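First up is the structure itself, then whatever we jot down about it.
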Amino acid sequence: MWDYTPTVKDHFLNPRNVGDIPDADAVGEVGSLACGDALKLYLKLDGNKDKIIDAKFQTFGCASAIASSSALTEMVKGKTLDEALAVSNQDIADFLGGLPEEKMHCSVMGQEALEVAIFKYRGMEIPQHDSEHDHGYAYPDYEGEIVCKCFGITDAFLKKVIETNGLTTVEQVTNFTKAGGACGGCIPKIKELISQVLGETAAQARVRPEKLSNMKKMQLIQEVLERDIRPLLWADGGDLELIDIDGSKVKIAFRKACAGCASSGNTARMVEAKLRDLVAEDIVVEEVSQ
Amino acid sequence: MKEIYLDNNATTKVDEAVFEEMRPYFCELYGNPSSMHFFGGQVQAKVTEARVKVSDLLGASPDEIIFTACGTESDNAAIRSALEVFPDRKHIITSRVEHPAVLTQCRNLRQKGYRVTEIGVDGAGRLDLEELRTAVDNDTAIVSLMWANNETGVIFPVEETAAIAKSKGALFHSDAVQAIGKVPINMAASNIDMLSLSGHKLHAPKGIGVLYLKRGTPFRPFMVGGHQEKSRRAGTENAAAIIALGKACQLAGQHMDAENTTVKAMRDRLQDALMAAIPHARINGGGAERLPNTTSIAFEFVEGEAILLLLSEFGICASSGSACTSGSLEPSHVLRAMGVPFTCAHGSIRFSLSRYTTDTEIDTVIREMPPIIARLREMSPFGREHLKGRA
C-alpha cells in the first residue's frame, strides 16, 4: 500500500474542481489511456485575459494523479498566467505534503498540462508525437528527439526534468517522467542524458589541455576519474578502480554493480570518451579483471 | 472497519485449526527434529505425519515431498536442478504469463547463455500448444508451466504439456501454487516431474513451501549443507510451519468440494452481477477454464489503483492487474500477453475468494462497485468521451 499523506488522500477522495469548463480560455491535455494516466486541464481567465479565475480537470489515473490534478487546480486559481507558469512539479508535490518518489510523475503530469494549456493559449506550437501506442495525447515537445518510445518523451524534456529536480539515477528519471518504465529500451539513452546533465554542471568551462607531460597527464586522468566518472557509477550502485596508466593506455577494473554487469563494455567506452574529452585524444581504456 | 478479504490469490488467512496445530511447536515442543533425544524425536514424528498429509492431498508418496521456504524457492530449485542434471541441454521453455518466480529466473538464465522460449497465450489466456510442440527439442532441459494463473485463474492443460515435454526427454515442472487445494490433483497418475506448492495460499502460514519431486527424477539440491529432506534441501526444518501445512492440506482436501460448489457459486454471482451492472467491462480469461475462486474484470477508461483505494474505503480488499508504480507502468505482463486492449488493461481488478468468503460480503461488493466505477469514469476524460458517444 502506498504511503500517501493525508492531503493526498483528501484530494483523492474529495477531489476539487472535477469537470470541464465549456467556454474555457485554455485547455491542456497530456498523457493517454495507454500510458496509464492522462489529464485534461481547463482554465478560465478574467476580463483582462491575464488572471486565472477558474480551473477544472478530468483525470484518468491512480490516486496520486487525481490528487495532483486537484491540487493543481486549487493552486493556479487567482494566479496570473506568468505566475502559474512558475509553478513547478515540486510545488504540486509540496502542496500535497509530498508524494512517494515512484509517484512524482503525477506531479510532472500536472505541471505539463498547465504548461501546454498556457502555451497553446499564447499561440505557441505544441506538436504531438506518434509514440508506439496509438493515442492522441502525449507529453509536449521540447523540440527534441524522442527517447522513450513507449511514452513519447523527448531528450529535451528529460534533460529539463533531470536538471530542475537534480536527478542522478535512471530509477529517479522513471519515477518522475515514466521514461524507461515500460519496455526499458531507452535506459542506456537516459543514462547518457543524466551523464550529460551532470557533466555539463561538473565540467563547465573545462577544456582539454593542449599539451601534457606524462606526470600531468596521469594526474589529470586520476582527477577526471574521481570527479567526473566515479560519481556517475556510484549513482547506479557501481564503481571502478584505476589499476594502471601506461602511456595512453588506462587500465581500469569495475567494482560493485559494474563488475560483471552485461553493459560494462558500454561503461568502459563512456569512461574512454570522457577521458579523451578532458585529458587527451589518444587515450585507450582497457578493462582488466583484478 | 471489518475487512472483506477478496485477495486470496495474494495470501490467505491462517485457518484457526491450523494455527492451533502449530502453536505448541514454538515455546513447548521446540526440539530439533534431527536430534537423537526424545524431545526432538516427538517433533520428528509430527513432521512425518505432516508429510503424509501433504502427500495425500497431492496423491503422492511422502518421500516425494521436499519442504522448502516458499513457492518461489521451489520454482527456483526445480529449474536450477534440471539445468544441472542435463548440463548439455541449454534450452528452457516457459510461458509469457508465468509468475515472476519462474519468469525472472528464466530471463536471468538467458543472460547467462541459455536459450529461453516463452510460449504465448490466446486472448482468453489459453496456452498455445502448437507453439509448445514446435519449441520442444532435444536441447530442452526443462519445461516449466504454471497449473493455474495467479491473475486470471486460467488453468493450463499441464498433463498434456508434460507429455509433450517428456516426448523429447525434458523434465516438466509446474508452479501449482494457485491450483493446489482448489482443483483435484493426483500425482500418482501424472507425467509431471516437479511441482511447487506454497503454504500461505491455502490457509497455512507464510514461509513454508513444498517441492514435489517424482520418485526417480534426477535432482541436484539448491540448498546444501545438511542432511535434512534426504539431503535434497539442507537447513533445519521449519517444524511448526511444516506441521501447520500438514493440517492445512488435510483441511484443503476436505473443503475441495466446497471450493468448486459454494465458492464457485459466489464467484459466478459476483462477476455476473458486476458485468450486468457495469457497462464496458470484460472478464479476463472468461472464455477459458478457470479456478473456481478467481475472477479478473477489466473496466474500461479507469485506472486500477484508484478503484482499489476506493474499494478499500469500504473495507474491500482486492488486487489490480496493473501496478501503477514507476517500474511497472505497463499493465501486467499477463494481460499484455493476452492482448487485453490498453483501454481497459489499466483498469483490471482481481477478486479472489476463499472458503471464508460470505454471501453478505459478495453483496457488499456488488452494491459498492458500480458507483465507484461510475465516479471514476465521470472524472476520466476518456470515460466521459466514450460513454457520452455510446450511451
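We label chains A, B, ... in the order they appear in the C-alpha cells, count residues from 1 in each chain, and number ligands from 1 in the order shown.
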Quiz item: Which residues come within 10 Å of Leu158 of chain A, counting only C-alpha atoms, excluding same-chain residues fewer than 3 positions away, as a PyMOL selection string?
Solution: chain A and resi 142+144+146-148+153-155+161-164+173-174+176-177+179+190+193-194+197
Exercise. Pick out the chain A residues within 9 Å of chain B. Count only C-alpha atoms. Give them as a PyMOL selection string.
Key: chain A and resi 12-13+18-19+32-40+57-64+66+101-105+133+171-172+174-183+262
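Shortest separation to Ala234 of chain B among B:Ala69, B:Ala141, B:Ala135, B:Val177 occurs at residue B:Ala69, atoms counted being only C-alpha atoms.
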Can you tell me, as a short mmCIF file (atom, residue, chain, number, x, y, z; two decimals) with C-alpha atoms, in the first residue's frame, what residues are no more than 12 Å from Val85 of chain B when counting only C-alpha atoms, ignoring any on the same chain fewer than 4 positions away?
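File produced: around.cif:
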data_model
loop_
_atom_site.label_atom_id
_atom_site.label_comp_id
_atom_site.auth_asym_id
_atom_site.auth_seq_id
_atom_site.Cartn_x
_atom_site.Cartn_y
_atom_site.Cartn_z
CA ALA B 77 15.15 -25.18 -7.08
CA ALA B 78 13.28 -27.09 -9.79
CA ILE B 79 14.66 -25.10 -12.71
CA ARG B 80 18.22 -24.97 -11.39
CA SER B 81 18.20 -28.69 -10.71
CA ARG B 89 20.86 -29.18 -22.68
CA LYS B 90 20.75 -25.40 -22.94
CA THR B 140 15.35 -28.68 -23.91
CA ALA B 141 16.30 -29.34 -20.29
CA ILE B 142 13.07 -28.28 -18.65
CA ALA B 170 12.91 -32.87 -21.00
CA LEU B 171 11.84 -32.57 -17.37
CA THR B 217 13.57 -37.94 -11.05
CA PRO B 218 17.23 -36.87 -11.01
CA PHE B 219 17.74 -33.92 -8.69
CA ARG B 220 20.54 -31.58 -7.63
CA PRO B 221 19.84 -29.59 -4.47
#
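In this structure, atom CA of Glu98 of chain B sits 8.6 Å away from atom CA of Asn150 of chain B.
For Gln228 of chain B, the set of protein, DNA and RNA residues having any atom at most 8 Å away, when counting only C-alpha atoms and skipping those fewer than 6 positions along the same chain, is B:Ser34, B:Ala234, B:Gly235, B:Thr236, B:Glu237.
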Exercise. Based on DSSP run over this structure's backbone, return all residues of segment 65-119 of chain A in alpha helix (DSSP H), as a PyMOL selection string.
Key: chain A and resi 65-76+81-85+89-95+104-119
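Every residue of segment 240-310 of chain B found in strand (DSSP E) when DSSP is run on the backbone appears here: Ala281, Arg282, Ile283, Thr294, Thr295, Ser296, Ile297, Ala298 and Phe299 of chain B.
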Quiz item: In terms of the shortest atom-to-atom distance over only C-alpha atoms, which of B:Pro62, B:Gly40, B:Gly285, B:Gly71 is closest to Asp122 of chain B?
Solution: B:Gly285
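Of note, atom CA of Thr360 of chain B and atom CA of Arg267 of chain B are spaced 12.7 Å apart.
Our summary of the geometry notes that atom CA of Asn76 of chain B is positioned 19.0 Å from atom CA of Ile119 of chain B.
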Practice problem: Return the single residue from B:Ser354, B:Ser74, B:Ala50, B:Ser61 that is closest to Val18 of chain B, with distances computed using only C-alpha atoms. | Solution: B:Ala50
Exercise. Point out the residue among B:Ala288, B:Ala281, B:Ala244, B:Met275 with the least atom-to-atom distance to Arg23 of chain B, counting only C-alpha atoms.
Key: B:Ala244
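Ranking B:Ala374, B:Arg282, B:Glu130, B:Arg367 by their shortest atom-to-atom distance to Phe314 of chain B, with only C-alpha atoms included, puts B:Arg367 first.
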Name the residues in contact with Leu220 of chain A at a cut-off of 7 Å, using only C-alpha atoms, excluding same-chain residues fewer than 4 positions from it; report them as an mmCIF file with N, CA and C atoms, in the first residue's frame.
data_model
loop_
_atom_site.group_PDB
_atom_site.id
_atom_site.type_symbol
_atom_site.label_atom_id
_atom_site.label_comp_id
_atom_site.auth_asym_id
_atom_site.auth_seq_id
_atom_site.Cartn_x
_atom_site.Cartn_y
_atom_site.Cartn_z
ATOM 1 N N LYS A 216 51.713 15.123 -15.541
ATOM 2 C CA LYS A 216 50.466 15.905 -15.523
ATOM 3 C C LYS A 216 49.303 15.081 -16.055
ATOM 4 N N VAL A 224 39.972 13.258 -13.330
ATOM 5 C CA VAL A 224 38.727 13.096 -14.079
ATOM 6 C C VAL A 224 37.969 11.862 -13.590
ATOM 7 N N VAL A 279 41.145 14.848 -21.192
ATOM 8 C CA VAL A 279 42.587 14.671 -20.949
ATOM 9 C C VAL A 279 43.375 14.666 -22.264
#
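Excluding Asp7 of chain B itself and same-chain residues fewer than 3 positions from it, the residues having an atom within 9 Å of it are B:Ala10, B:Thr11, B:Thr12, B:Cys317, B:Ala318, B:Ser319, B:Arg350, B:Phe351, B:Ser352, B:Leu353, B:Ser354, counting only C-alpha atoms.
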